[in-house]
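Trainee: Dropping in data_22.tsv, with TSV, C-alpha atoms.
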```tsv
chain	number	residue	atom	x	y	z
A	23	MET	CA	91.92	94.19	89.68
A	24	LYS	CA	95.53	95.11	88.83
A	25	PHE	CA	97.59	93.85	91.77
A	26	CYS	CA	97.67	90.68	93.86
A	27	SER	CA	95.98	91.25	97.22
A	28	ASN	CA	98.19	88.55	98.73
A	29	CYS	CA	101.70	89.72	97.66
A	30	GLY	CA	101.24	93.07	95.87
A	31	ALA	CA	102.71	91.93	92.51
A	32	PRO	CA	100.85	92.73	89.27
A	33	VAL	CA	98.19	90.19	88.22
A	34	ALA	CA	97.47	88.94	84.70
A	35	LEU	CA	94.13	87.83	83.26
A	36	LYS	CA	94.55	84.22	82.12
A	37	ILE	CA	92.79	80.86	82.18
A	38	PRO	CA	94.36	78.74	84.95
A	39	PRO	CA	95.17	75.07	84.13
A	40	GLY	CA	91.99	72.96	84.42
A	41	ASP	CA	89.76	76.03	84.45
A	42	THR	CA	87.52	77.32	81.67
A	43	LEU	CA	87.31	81.04	82.42
A	44	PRO	CA	89.91	83.82	82.59
A	45	ARG	CA	90.87	84.77	86.16
A	46	HIS	CA	93.17	87.33	87.70
A	47	VAL	CA	96.27	85.24	88.41
A	48	CYS	CA	99.43	86.31	90.27
A	49	ASP	CA	102.60	85.15	88.53
A	50	ALA	CA	104.66	85.85	91.67
A	51	CYS	CA	102.76	83.92	94.40
A	52	HIS	CA	100.41	81.97	92.05
A	53	THR	CA	97.23	83.04	93.86
A	54	ILE	CA	94.11	82.83	91.66
A	55	HIS	CA	91.67	85.65	92.46
A	56	TYR	CA	88.12	84.49	91.78
A	57	GLN	CA	85.32	87.01	91.45
A	58	ASN	CA	81.75	85.94	92.15
A	59	PRO	CA	78.26	87.46	92.22
A	60	ARG	CA	77.14	89.34	95.31
A	61	MET	CA	73.89	88.86	97.12
A	62	VAL	CA	71.56	91.72	97.96
A	63	VAL	CA	69.19	90.81	100.79
A	64	GLY	CA	66.18	92.69	102.07
A	65	CYS	CA	62.49	92.56	102.85
A	66	ILE	CA	59.04	93.99	102.26
A	67	PRO	CA	58.03	95.21	105.75
A	68	GLU	CA	54.24	94.92	106.13
A	69	TRP	CA	51.89	96.77	108.51
A	70	GLU	CA	48.21	96.02	107.97
A	71	ASP	CA	47.54	96.95	104.31
A	72	ARG	CA	50.67	99.07	104.02
A	73	ILE	CA	54.36	98.43	103.29
A	74	LEU	CA	57.43	100.39	104.34
A	75	LEU	CA	59.48	102.03	101.61
A	76	CYS	CA	62.70	104.04	101.91
A	77	ARG	CA	63.82	106.97	99.77
A	78	ARG	CA	67.52	106.66	99.00
A	79	ALA	CA	69.98	109.26	100.29
A	80	ILE	CA	72.86	107.69	98.34
A	81	GLU	CA	73.82	106.85	94.78
A	82	PRO	CA	72.89	104.96	92.73
A	83	ARG	CA	69.32	106.22	92.36
A	84	HIS	CA	69.53	108.98	94.94
A	85	GLY	CA	66.04	110.27	95.78
A	86	LEU	CA	64.20	107.19	94.48
A	87	TRP	CA	62.23	104.65	96.52
A	88	THR	CA	63.09	101.08	97.42
A	89	VAL	CA	62.52	98.39	100.03
A	90	PRO	CA	65.16	98.01	102.78
A	91	ALA	CA	67.92	95.91	101.18
A	92	GLY	CA	71.67	95.82	100.77
A	93	TYR	CA	74.74	93.65	100.32
A	94	MET	CA	74.87	90.56	102.48
A	95	GLU	CA	77.91	90.57	104.78
A	96	ASN	CA	80.33	87.78	105.60
A	97	GLY	CA	79.39	85.87	108.74
A	98	GLU	CA	75.64	86.40	108.52
A	99	THR	CA	72.67	84.49	107.08
A	100	THR	CA	70.32	85.89	104.44
A	101	PHE	CA	67.71	86.36	107.24
A	102	GLN	CA	70.18	88.24	109.43
A	103	GLY	CA	71.25	90.38	106.48
A	104	ALA	CA	67.66	91.38	105.74
A	105	LEU	CA	67.05	92.25	109.42
A	106	ARG	CA	70.27	94.29	109.59
A	107	GLU	CA	69.55	96.24	106.42
A	108	THR	CA	66.02	97.06	107.63
A	109	LEU	CA	67.44	98.34	110.90
A	110	GLU	CA	70.21	100.34	109.19
A	111	GLU	CA	68.09	101.95	106.47
A	112	ALA	CA	64.77	102.47	108.29
A	113	ASN	CA	65.59	101.93	111.99
A	114	ALA	CA	62.76	99.42	111.81
A	115	ARG	CA	62.39	96.08	113.56
A	116	VAL	CA	60.76	93.29	111.61
A	117	GLU	CA	60.00	89.62	111.96
A	118	ILE	CA	60.95	87.81	108.76
A	119	ASP	CA	58.16	85.72	107.27
A	120	SER	CA	58.88	83.70	104.11
A	121	ILE	CA	61.26	84.13	101.22
A	122	TYR	CA	59.35	85.97	98.52
A	123	ALA	CA	61.60	86.59	95.53
A	124	LEU	CA	64.96	85.59	94.13
A	125	TYR	CA	66.03	87.65	91.15
A	126	ASN	CA	69.19	87.18	89.14
A	127	ILE	CA	70.76	90.27	87.65
A	128	PRO	CA	73.66	88.69	85.73
A	129	HIS	CA	74.79	91.81	83.90
A	130	ILE	CA	75.76	93.41	87.22
A	131	ASN	CA	76.69	90.14	88.99
A	132	GLN	CA	73.98	90.39	91.63
A	133	VAL	CA	71.38	88.07	93.11
A	134	TYR	CA	68.50	89.70	94.99
A	135	ILE	CA	66.79	87.76	97.78
A	136	LEU	CA	63.74	89.48	99.27
A	137	PHE	CA	61.59	88.26	102.13
A	138	ARG	CA	58.13	89.22	103.32
A	139	ALA	CA	58.37	90.59	106.86
A	140	ARG	CA	56.09	91.90	109.60
A	141	LEU	CA	56.87	95.32	111.01
A	142	LEU	CA	56.91	94.98	114.81
A	143	ASP	CA	56.13	98.60	115.71
A	144	LEU	CA	55.74	102.05	114.14
A	145	ASP	CA	58.90	103.46	115.69
A	146	PHE	CA	60.91	103.88	112.48
A	147	ARG	CA	62.93	106.75	111.04
A	148	PRO	CA	65.46	107.26	108.22
A	149	GLY	CA	68.93	105.79	108.65
A	150	ALA	CA	72.09	107.47	107.36
A	151	GLU	CA	71.55	106.25	103.78
A	152	THR	CA	67.85	107.15	103.69
A	153	LEU	CA	66.09	110.50	103.12
A	154	GLU	CA	62.61	109.41	104.11
A	155	VAL	CA	60.76	106.30	105.32
A	156	LYS	CA	57.06	105.93	104.65
A	157	LEU	CA	54.28	103.37	105.12
A	158	MET	CA	52.29	103.24	101.89
A	159	LYS	CA	49.07	101.70	100.67
A	160	GLU	CA	49.08	100.19	97.19
A	161	ALA	CA	47.54	103.35	95.68
A	162	GLU	CA	50.39	105.42	97.14
A	163	ILE	CA	53.30	103.41	95.66
A	164	PRO	CA	55.35	105.78	93.46
A	165	TRP	CA	55.78	103.30	90.59
A	166	GLU	CA	57.67	105.76	88.41
A	167	GLN	CA	60.04	106.56	91.27
A	168	ILE	CA	61.11	103.03	92.24
A	169	ALA	CA	64.90	102.81	92.28
A	170	PHE	CA	65.48	99.32	90.86
A	171	ALA	CA	63.78	97.01	88.34
A	172	SER	CA	64.18	94.10	90.78
A	173	VAL	CA	62.16	95.97	93.41
A	174	ARG	CA	59.53	97.19	90.93
A	175	ASN	CA	59.13	93.60	89.68
A	176	THR	CA	58.84	92.25	93.19
A	177	LEU	CA	56.22	94.81	94.25
A	178	THR	CA	54.19	94.21	91.06
A	179	ARG	CA	54.12	90.46	91.83
A	180	TYR	CA	53.38	91.23	95.48
A	181	TYR	CA	50.20	93.17	94.74
A	182	GLU	CA	49.08	90.62	92.12
A	183	ASP	CA	49.53	87.87	94.73
A	184	ARG	CA	47.71	89.88	97.37
A	185	LYS	CA	44.67	90.21	95.09
A	186	LYS	CA	44.71	86.43	94.56
A	187	GLY	CA	44.98	85.88	98.31
A	188	GLU	CA	48.15	83.79	98.03
A	189	TYR	CA	51.77	84.83	98.12
A	190	ARG	CA	53.93	82.63	95.90
A	191	PHE	CA	57.71	82.51	95.69
A	192	HIS	CA	58.96	84.35	92.60
A	193	MET	CA	62.16	83.73	90.77
A	194	GLY	CA	63.69	84.83	87.55
A	195	PRO	CA	66.21	86.98	85.77
A	196	ILE	CA	65.93	90.74	85.52
A	197	GLU	CA	66.68	91.74	81.96
A	198	GLN	CA	69.13	94.51	81.28
A	199	ALA	CA	67.28	97.72	80.49
A	200	PRO	CA	67.83	98.94	76.91
A	201	ARG	CA	70.46	101.65	76.85
A	202	LYS	CA	69.11	105.11	76.28
A	203	THR	CA	70.65	106.64	73.13
B	7	MET	CA	94.07	90.48	101.98
B	8	LYS	CA	97.34	92.34	102.48
B	9	PHE	CA	97.68	94.59	99.41
B	10	CYS	CA	95.35	96.85	97.43
B	11	SER	CA	94.24	95.13	94.21
B	12	ASN	CA	93.80	98.55	92.62
B	13	CYS	CA	97.21	100.19	93.34
B	14	GLY	CA	99.38	97.54	95.05
B	15	ALA	CA	99.92	99.50	98.31
B	16	PRO	CA	99.44	97.74	101.66
B	17	VAL	CA	95.87	97.76	103.03
B	18	ALA	CA	94.79	98.29	106.64
B	19	LEU	CA	91.77	96.83	108.40
B	20	LYS	CA	89.63	99.74	109.63
B	21	ILE	CA	86.03	100.91	109.83
B	22	PRO	CA	85.42	103.43	107.01
B	23	PRO	CA	83.51	106.63	107.88
B	24	GLY	CA	79.76	105.92	107.95
B	25	ASP	CA	80.31	102.15	107.99
B	26	THR	CA	79.87	99.78	110.93
B	27	LEU	CA	82.26	96.95	110.07
B	28	PRO	CA	86.04	96.77	109.57
B	29	ARG	CA	87.06	96.62	105.90
B	30	HIS	CA	90.34	96.34	104.07
B	31	VAL	CA	91.04	99.97	103.16
B	32	CYS	CA	93.87	101.33	101.01
B	33	ASP	CA	95.46	104.44	102.51
B	34	ALA	CA	97.14	105.24	99.18
B	35	CYS	CA	94.22	105.21	96.71
B	36	HIS	CA	91.39	105.07	99.31
B	37	THR	CA	89.72	102.02	97.74
B	38	ILE	CA	87.53	100.08	100.20
B	39	HIS	CA	87.68	96.33	99.54
B	40	TYR	CA	84.41	94.71	100.56
B	41	GLN	CA	84.21	90.96	101.04
B	42	ASN	CA	80.89	89.19	100.71
B	43	PRO	CA	79.49	85.65	100.91
B	44	ARG	CA	79.72	83.41	97.87
B	45	MET	CA	76.90	81.40	96.39
B	46	VAL	CA	77.19	77.70	95.67
B	47	VAL	CA	74.60	76.57	93.12
B	48	GLY	CA	73.68	73.07	92.05
B	49	CYS	CA	70.92	70.54	91.63
B	50	ILE	CA	69.52	67.13	92.49
B	51	PRO	CA	69.35	65.42	89.08
B	52	GLU	CA	66.43	62.95	89.06
B	53	TRP	CA	65.85	59.91	86.83
B	54	GLU	CA	62.77	57.88	87.76
B	55	ASP	CA	63.32	56.89	91.41
B	56	ARG	CA	67.04	57.58	91.35
B	57	ILE	CA	69.26	60.65	91.74
B	58	LEU	CA	72.69	61.38	90.32
B	59	LEU	CA	75.56	61.76	92.79
B	60	CYS	CA	79.21	62.60	92.11
B	61	ARG	CA	82.27	61.38	94.01
B	62	ARG	CA	84.73	64.21	94.44
B	63	ALA	CA	88.17	64.07	92.82
B	64	ILE	CA	89.27	67.28	94.55
B	65	GLU	CA	89.70	68.69	98.02
B	66	PRO	CA	87.92	69.45	100.25
B	67	ARG	CA	86.33	66.07	100.92
B	68	HIS	CA	88.18	64.16	98.20
B	69	GLY	CA	86.52	60.75	97.64
B	70	LEU	CA	83.19	61.70	99.24
B	71	TRP	CA	79.83	62.04	97.48
B	72	THR	CA	77.83	65.14	96.66
B	73	VAL	CA	75.28	66.54	94.21
B	74	PRO	CA	76.62	68.55	91.24
B	75	ALA	CA	77.24	72.04	92.65
B	76	GLY	CA	79.87	74.75	92.70
B	77	TYR	CA	80.57	78.46	92.95
B	78	MET	CA	78.28	80.67	90.90
B	79	GLU	CA	80.23	82.70	88.33
B	80	ASN	CA	79.89	86.35	87.40
B	81	GLY	CA	77.59	86.94	84.44
B	82	GLU	CA	75.35	83.93	84.99
B	83	THR	CA	72.04	83.28	86.75
B	84	THR	CA	71.61	80.73	89.56
B	85	PHE	CA	69.82	78.46	87.00
B	86	GLN	CA	72.69	78.76	84.52
B	87	GLY	CA	75.23	78.10	87.27
B	88	ALA	CA	73.46	74.90	88.31
B	89	LEU	CA	73.30	73.70	84.68
B	90	ARG	CA	76.98	74.51	84.13
B	91	GLU	CA	78.14	72.73	87.28
B	92	THR	CA	76.10	69.63	86.37
B	93	LEU	CA	77.69	69.59	82.93
B	94	GLU	CA	81.21	70.20	84.31
B	95	GLU	CA	81.10	67.66	87.13
B	96	ALA	CA	78.96	64.90	85.63
B	97	ASN	CA	78.80	65.71	81.89
B	98	ALA	CA	75.06	65.49	82.44
B	99	ARG	CA	72.29	67.54	80.85
B	100	VAL	CA	69.36	68.46	83.06
B	101	GLU	CA	66.22	70.53	82.93
B	102	ILE	CA	65.93	72.61	86.08
B	103	ASP	CA	62.64	72.21	87.91
B	104	SER	CA	62.02	74.27	91.06
B	105	ILE	CA	64.29	75.75	93.69
B	106	TYR	CA	64.49	73.21	96.48
B	107	ALA	CA	66.79	74.47	99.22
B	108	LEU	CA	68.59	77.59	100.34
B	109	TYR	CA	71.08	76.99	103.11
B	110	ASN	CA	73.17	79.62	104.84
B	111	ILE	CA	76.60	78.58	106.05
B	112	PRO	CA	77.71	81.81	107.74
B	113	HIS	CA	80.87	80.45	109.35
B	114	ILE	CA	82.38	79.87	105.89
B	115	ASN	CA	80.57	82.76	104.17
B	116	GLN	CA	78.57	80.61	101.79
B	117	VAL	CA	74.97	80.37	100.65
B	118	TYR	CA	73.89	77.11	98.98
B	119	ILE	CA	71.06	77.18	96.46
B	120	LEU	CA	69.98	73.76	95.19
B	121	PHE	CA	67.31	72.99	92.59
B	122	ARG	CA	65.45	69.85	91.70
B	123	ALA	CA	66.23	68.90	88.12
B	124	ARG	CA	65.27	66.25	85.55
B	125	LEU	CA	68.10	64.31	83.94
B	126	LEU	CA	67.53	64.43	80.16
B	127	ASP	CA	69.44	61.27	79.19
B	128	LEU	CA	71.73	58.62	80.65
B	129	ASP	CA	74.81	59.77	78.78
B	130	PHE	CA	76.82	61.01	81.77
B	131	ARG	CA	80.41	60.45	82.89
B	132	PRO	CA	82.82	61.98	85.44
B	133	GLY	CA	84.18	65.47	84.74
B	134	ALA	CA	87.72	66.54	85.66
B	135	GLU	CA	86.82	67.15	89.33
B	136	THR	CA	84.85	63.92	89.73
B	137	LEU	CA	86.01	60.35	90.34
B	138	GLU	CA	82.71	58.62	89.72
B	139	VAL	CA	79.10	59.49	88.81
B	140	LYS	CA	76.30	57.18	89.83
B	141	LEU	CA	72.49	57.02	89.72
B	142	MET	CA	71.30	55.84	93.13
B	143	LYS	CA	68.08	54.72	94.73
B	144	GLU	CA	67.35	55.94	98.24
B	145	ALA	CA	68.63	52.67	99.75
B	146	GLU	CA	71.97	53.14	97.96
B	147	ILE	CA	72.73	56.68	99.22
B	148	PRO	CA	76.06	56.54	101.13
B	149	TRP	CA	74.88	58.71	104.03
B	150	GLU	CA	78.16	58.36	105.92
B	151	GLN	CA	80.13	59.35	102.83
B	152	ILE	CA	78.31	62.57	101.90
B	153	ALA	CA	80.83	65.40	101.51
B	154	PHE	CA	78.91	68.34	103.02
B	155	ALA	CA	76.32	68.88	105.76
B	156	SER	CA	74.33	71.14	103.41
B	157	VAL	CA	73.98	68.28	100.92
B	158	ARG	CA	73.21	65.67	103.59
B	159	ASN	CA	70.53	67.99	105.00
B	160	THR	CA	69.02	68.60	101.59
B	161	LEU	CA	68.89	64.91	100.71
B	162	THR	CA	67.35	64.04	104.08
B	163	ARG	CA	64.58	66.60	103.48
B	164	TYR	CA	64.25	65.40	99.89
B	165	TYR	CA	63.44	61.82	100.85
B	166	GLU	CA	61.10	62.96	103.65
B	167	ASP	CA	59.24	65.13	101.13
B	168	ARG	CA	59.12	62.32	98.58
B	169	LYS	CA	57.43	60.04	101.13
B	170	LYS	CA	54.84	62.77	101.81
B	171	GLY	CA	54.30	63.20	98.07
B	172	GLU	CA	55.08	66.92	98.12
B	173	TYR	CA	58.37	68.74	97.65
B	174	ARG	CA	58.55	71.91	99.73
B	175	PHE	CA	61.16	74.65	99.59
B	176	HIS	CA	63.62	74.34	102.48
B	177	MET	CA	65.63	77.10	104.02
B	178	GLY	CA	67.79	77.52	107.04
B	179	PRO	CA	71.25	77.83	108.49
B	180	ILE	CA	73.72	74.98	108.60
B	181	GLU	CA	75.29	74.92	112.03
B	182	GLN	CA	79.05	74.67	112.35
B	183	ALA	CA	80.04	71.10	113.11
B	184	PRO	CA	81.74	70.66	116.50
B	185	ARG	CA	85.50	70.49	116.02
B	186	LYS	CA	86.96	67.07	116.52
B	187	THR	CA	89.47	67.09	119.36
```
Translate this structure into structure tokens?

Mentor:
Amino acid sequence: MKFCSNCGAPVALKIPPGDTLPRHVCDACHTIHYQNPRMVVGCIPEWEDRILLCRRAIEPRHGLWTVPAGYMENGETTFQGALRETLEEANARVEIDSIYALYNIPHINQVYILFRARLLDLDFRPGAETLEVKLMKEAEIPWEQIAFASVRNTLTRYYEDRKKGEYRFHMGPIEQAPRKT
Amino acid sequence: MKFCSNCGAPVALKIPPGDTLPRHVCDACHTIHYQNPRMVVGCIPEWEDRILLCRRAIEPRHGLWTVPAGYMENGETTFQGALRETLEEANARVEIDSIYALYNIPHINQVYILFRARLLDLDFRPGAETLEVKLMKEAEIPWEQIAFASVRNTLTRYYEDRKKGEYRFHMGPIEQAPRKT
């Protein structure tokens, strides 16, 4: 952020009076521009013993697999966001079941919220940001080709829970992957 | 948003190619400025049969009571945000227990995440944004003086759960209050 979105003057990074963190502050109109984490919402669409995965047609992680998920929009609930993303990415209609995972990814300022969901029919096909949509059994999951650690974590917990016969809510941070040198 | 925070040129509200919603787009540098919901994180600090409430020294709802909670910051987890807010608003140290409530407030683009937490000692006092901090039994809760519907909802569920002897995770939308005419 270099300019004030309210008046167009340059902003400076400084700690406002009474605050504890540096913010982008406009010296002309005195607006303080806060920046906060974004939520990514999505679901694990289930059909019998299979789940629906999408292969990404966009960066980051073009060509890799993920569950339907994306940035939550203003004016919607987390439920509505998960339904919308599932429709946009897989043209699939689901009924949201329970919240399944909340993962913090502080190094990229994201919070993932994933639900379990029931696929309502088999009439799905790739959306504009998706190369391929596929229902997979556990043995078919391409573990080495999963796009994000948050999704790989969630699916690992999901199959552990399924074996135990009880789906528990999972929460935790996703650690930053070590940089490749 | 009137100006591009990247280059300072005026922005226009338009639907970018491939998108479905209007965004603030810069015609000069082509930056698309997305706006997303913010998370408010906090906790219900417990001490024996009492909980810690804070009376607000700031707007909105100056003078009304709430649990320690505030906007989640970049670079932190939801847990860390709840701990930080409790320290800032009540100078209180807590150990976070489980996630207790997730409330969507779509008409103001907020998601509330509240945890149950255990107060570690009785050495608390008002922070800069707090007029008064008080440990209260259920009978002392000032229901008519609670600052936010999300907090009133959460505390109502909390005492219902306590009577049943089991705390469940609660989730749902907070409806927009009818405007007073």

Trainee: Quick one: of B:Asp55, B:Ile102, B:Gln116, B:Val47, who's nearest to chain A, counting all atoms listed in the file?

Mentor: B:Gln116

Trainee: Can you provide chain B as a compact mmCIF listing (two decimals) with C-alpha atoms, in the coordinates of the input, superposed onto chain A by least squares across all C-alpha atoms matched in order?

Mentor:
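Writing done, so here's superposed.txt:
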```
# COMPACT_ATOMS: atom_id res chain seq x y z
CA MET B 7 91.86 94.18 89.63
CA LYS B 8 95.43 95.13 88.75
CA PHE B 9 97.53 93.89 91.69
CA CYS B 10 97.65 90.73 93.80
CA SER B 11 95.96 91.30 97.17
CA ASN B 12 98.20 88.62 98.67
CA CYS B 13 101.69 89.82 97.57
CA GLY B 14 101.21 93.16 95.76
CA ALA B 15 102.66 92.01 92.40
CA PRO B 16 100.77 92.79 89.17
CA VAL B 17 98.14 90.22 88.15
CA ALA B 18 97.41 88.94 84.64
CA LEU B 19 94.09 87.79 83.23
CA LYS B 20 94.50 84.17 82.10
CA ILE B 21 92.76 80.81 82.20
CA PRO B 22 94.35 78.70 84.97
CA PRO B 23 95.17 75.04 84.16
CA GLY B 24 92.01 72.92 84.48
CA ASP B 25 89.75 75.99 84.52
CA THR B 26 87.51 77.25 81.73
CA LEU B 27 87.29 80.97 82.46
CA PRO B 28 89.88 83.77 82.61
CA ARG B 29 90.84 84.74 86.17
CA HIS B 30 93.13 87.31 87.69
CA VAL B 31 96.26 85.25 88.39
CA CYS B 32 99.41 86.36 90.21
CA ASP B 33 102.58 85.20 88.46
CA ALA B 34 104.64 85.94 91.58
CA CYS B 35 102.78 84.01 94.32
CA HIS B 36 100.44 82.02 92.00
CA THR B 37 97.27 83.09 93.83
CA ILE B 38 94.13 82.84 91.67
CA HIS B 39 91.67 85.64 92.45
CA TYR B 40 88.13 84.46 91.80
CA GLN B 41 85.31 86.97 91.48
CA ASN B 42 81.75 85.92 92.19
CA PRO B 43 78.26 87.45 92.25
CA ARG B 44 77.14 89.33 95.34
CA MET B 45 73.87 88.84 97.15
CA VAL B 46 71.55 91.71 97.98
CA VAL B 47 69.17 90.80 100.80
CA GLY B 48 66.16 92.69 102.08
CA CYS B 49 62.48 92.57 102.85
CA ILE B 50 59.02 93.99 102.25
CA PRO B 51 58.01 95.22 105.73
CA GLU B 52 54.22 94.94 106.11
CA TRP B 53 51.89 96.78 108.50
CA GLU B 54 48.20 96.03 107.94
CA ASP B 55 47.55 96.98 104.29
CA ARG B 56 50.67 99.09 103.97
CA ILE B 57 54.36 98.45 103.26
CA LEU B 58 57.43 100.39 104.32
CA LEU B 59 59.49 102.03 101.58
CA CYS B 60 62.73 104.02 101.88
CA ARG B 61 63.86 106.96 99.75
CA ARG B 62 67.54 106.65 98.98
CA ALA B 63 70.02 109.22 100.27
CA ILE B 64 72.89 107.64 98.33
CA GLU B 65 73.86 106.80 94.79
CA PRO B 66 72.93 104.92 92.71
CA ARG B 67 69.37 106.18 92.32
CA HIS B 68 69.59 108.95 94.92
CA GLY B 69 66.08 110.24 95.76
CA LEU B 70 64.24 107.16 94.45
CA TRP B 71 62.27 104.64 96.50
CA THR B 72 63.11 101.06 97.39
CA VAL B 73 62.51 98.37 100.02
CA PRO B 74 65.15 98.00 102.77
CA ALA B 75 67.90 95.89 101.18
CA GLY B 76 71.66 95.81 100.79
CA TYR B 77 74.73 93.64 100.33
CA MET B 78 74.85 90.55 102.51
CA GLU B 79 77.89 90.57 104.81
CA ASN B 80 80.30 87.77 105.63
CA GLY B 81 79.36 85.86 108.77
CA GLU B 82 75.61 86.41 108.54
CA THR B 83 72.66 84.48 107.13
CA THR B 84 70.30 85.88 104.47
CA PHE B 85 67.68 86.35 107.27
CA GLN B 86 70.15 88.25 109.45
CA GLY B 87 71.23 90.39 106.50
CA ALA B 88 67.64 91.38 105.75
CA LEU B 89 67.02 92.27 109.42
CA ARG B 90 70.24 94.30 109.59
CA GLU B 91 69.52 96.25 106.42
CA THR B 92 65.99 97.06 107.63
CA LEU B 93 67.41 98.35 110.90
CA GLU B 94 70.20 100.32 109.17
CA GLU B 95 68.07 101.94 106.47
CA ALA B 96 64.77 102.47 108.27
CA ASN B 97 65.57 101.93 111.97
CA ALA B 98 62.72 99.44 111.79
CA ARG B 99 62.35 96.10 113.56
CA VAL B 100 60.71 93.31 111.60
CA GLU B 101 59.96 89.64 111.95
CA ILE B 102 60.92 87.83 108.77
CA ASP B 103 58.14 85.73 107.27
CA SER B 104 58.85 83.70 104.12
CA ILE B 105 61.25 84.13 101.24
CA TYR B 106 59.35 85.97 98.54
CA ALA B 107 61.61 86.58 95.55
CA LEU B 108 64.96 85.57 94.15
CA TYR B 109 66.04 87.63 91.18
CA ASN B 110 69.20 87.15 89.16
CA ILE B 111 70.79 90.25 87.67
CA PRO B 112 73.68 88.66 85.77
CA HIS B 113 74.81 91.78 83.92
CA ILE B 114 75.79 93.39 87.24
CA ASN B 115 76.70 90.13 89.01
CA GLN B 116 74.00 90.36 91.65
CA VAL B 117 71.39 88.05 93.13
CA TYR B 118 68.50 89.68 95.02
CA ILE B 119 66.78 87.75 97.79
CA LEU B 120 63.74 89.48 99.28
CA PHE B 121 61.55 88.26 102.15
CA ARG B 122 58.12 89.23 103.32
CA ALA B 123 58.34 90.60 106.85
CA ARG B 124 56.04 91.91 109.59
CA LEU B 125 56.83 95.34 111.00
CA LEU B 126 56.87 95.01 114.81
CA ASP B 127 56.09 98.64 115.71
CA LEU B 128 55.72 102.07 114.14
CA ASP B 129 58.87 103.49 115.66
CA PHE B 130 60.89 103.89 112.45
CA ARG B 131 62.93 106.76 111.02
CA PRO B 132 65.47 107.26 108.20
CA GLY B 133 68.94 105.76 108.64
CA ALA B 134 72.11 107.44 107.35
CA GLU B 135 71.56 106.23 103.76
CA THR B 136 67.86 107.13 103.67
CA LEU B 137 66.12 110.46 103.08
CA GLU B 138 62.63 109.40 104.08
CA VAL B 139 60.78 106.29 105.29
CA LYS B 140 57.08 105.93 104.63
CA LEU B 141 54.29 103.38 105.10
CA MET B 142 52.30 103.25 101.86
CA LYS B 143 49.09 101.72 100.62
CA GLU B 144 49.10 100.20 97.15
CA ALA B 145 47.57 103.37 95.65
CA GLU B 146 50.43 105.45 97.10
CA ILE B 147 53.33 103.41 95.64
CA PRO B 148 55.41 105.76 93.43
CA TRP B 149 55.83 103.27 90.58
CA GLU B 150 57.72 105.75 88.40
CA GLN B 151 60.10 106.55 91.25
CA ILE B 152 61.16 103.02 92.23
CA ALA B 153 64.96 102.78 92.27
CA PHE B 154 65.52 99.28 90.85
CA ALA B 155 63.81 96.97 88.34
CA SER B 156 64.21 94.06 90.79
CA VAL B 157 62.19 95.95 93.40
CA ARG B 158 59.57 97.17 90.92
CA ASN B 159 59.17 93.58 89.68
CA THR B 160 58.85 92.22 93.19
CA LEU B 161 56.25 94.80 94.22
CA THR B 162 54.24 94.20 91.04
CA ARG B 163 54.13 90.46 91.81
CA TYR B 164 53.39 91.23 95.45
CA TYR B 165 50.22 93.17 94.71
CA GLU B 166 49.10 90.61 92.10
CA ASP B 167 49.54 87.86 94.70
CA ARG B 168 47.72 89.88 97.36
CA LYS B 169 44.69 90.21 95.06
CA LYS B 170 44.71 86.43 94.53
CA GLY B 171 44.98 85.89 98.29
CA GLU B 172 48.14 83.79 98.03
CA TYR B 173 51.78 84.82 98.12
CA ARG B 174 53.94 82.60 95.91
CA PHE B 175 57.72 82.49 95.70
CA HIS B 176 58.97 84.31 92.61
CA MET B 177 62.18 83.70 90.78
CA GLY B 178 63.72 84.79 87.56
CA PRO B 179 66.25 86.94 85.78
CA ILE B 180 65.99 90.69 85.54
CA GLU B 181 66.74 91.70 81.98
CA GLN B 182 69.19 94.50 81.32
CA ALA B 183 67.32 97.70 80.60
CA PRO B 184 67.89 99.07 77.08
CA ARG B 185 70.48 101.85 77.21
CA LYS B 186 69.06 105.29 76.70
CA THR B 187 70.59 106.92 73.64
```

Trainee: How many Å separate CA of Tyr118 in chain B from CA of Glu82 in chain B?

Mentor: 15.6 Å

Trainee: What lies within 12 Å of Leu75 in chain A using only C-alpha atoms, ignoring chain neighbours under 5 positions off, as a PyMOL selection string?

Mentor: chain A and resi 64-69+86-91+108+111-112+114+141+146-148+152-160+162-165+167-169+173-174+177

Trainee: Residues of chain B near chain A: apply a cut-off of 6 Å, count only C-alpha atoms, and supply the list as number ranges by chain.

Mentor: B: 7-12, 14, 42-43, 79-83, 110, 112-113, 115

Trainee: Just give me the gap between CA of Asp183 in chain A and CA of Leu89 in chain B in Å, one decimal is fine.

Mentor: 29.4 Å

Trainee: Could you jot down the CA of Ala104 in chain A to CA of Tyr189 in chain A separation for me, Å, one decimal place?

Mentor: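 Going from CA of Ala104 in chain A over to CA of Tyr189 in chain A covers 18.8 Å.
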
Trainee: Which one of A:Arg72, A:Arg106, A:Arg77, A:His192 sits closest to Ser172 in chain A if you count only C-alpha atoms?

Mentor: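 Under the stated criterion, the closest residue is A:His192.
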
Trainee: Got a sec: who's within 12 Å of Pro39 in chain A, counting only C-alpha atoms, leaving out chain neighbours fewer than 6 positions off, as a list in words?

Mentor: Arg45, Val47, His52 and Ile54 of chain A; Ala134 of chain B
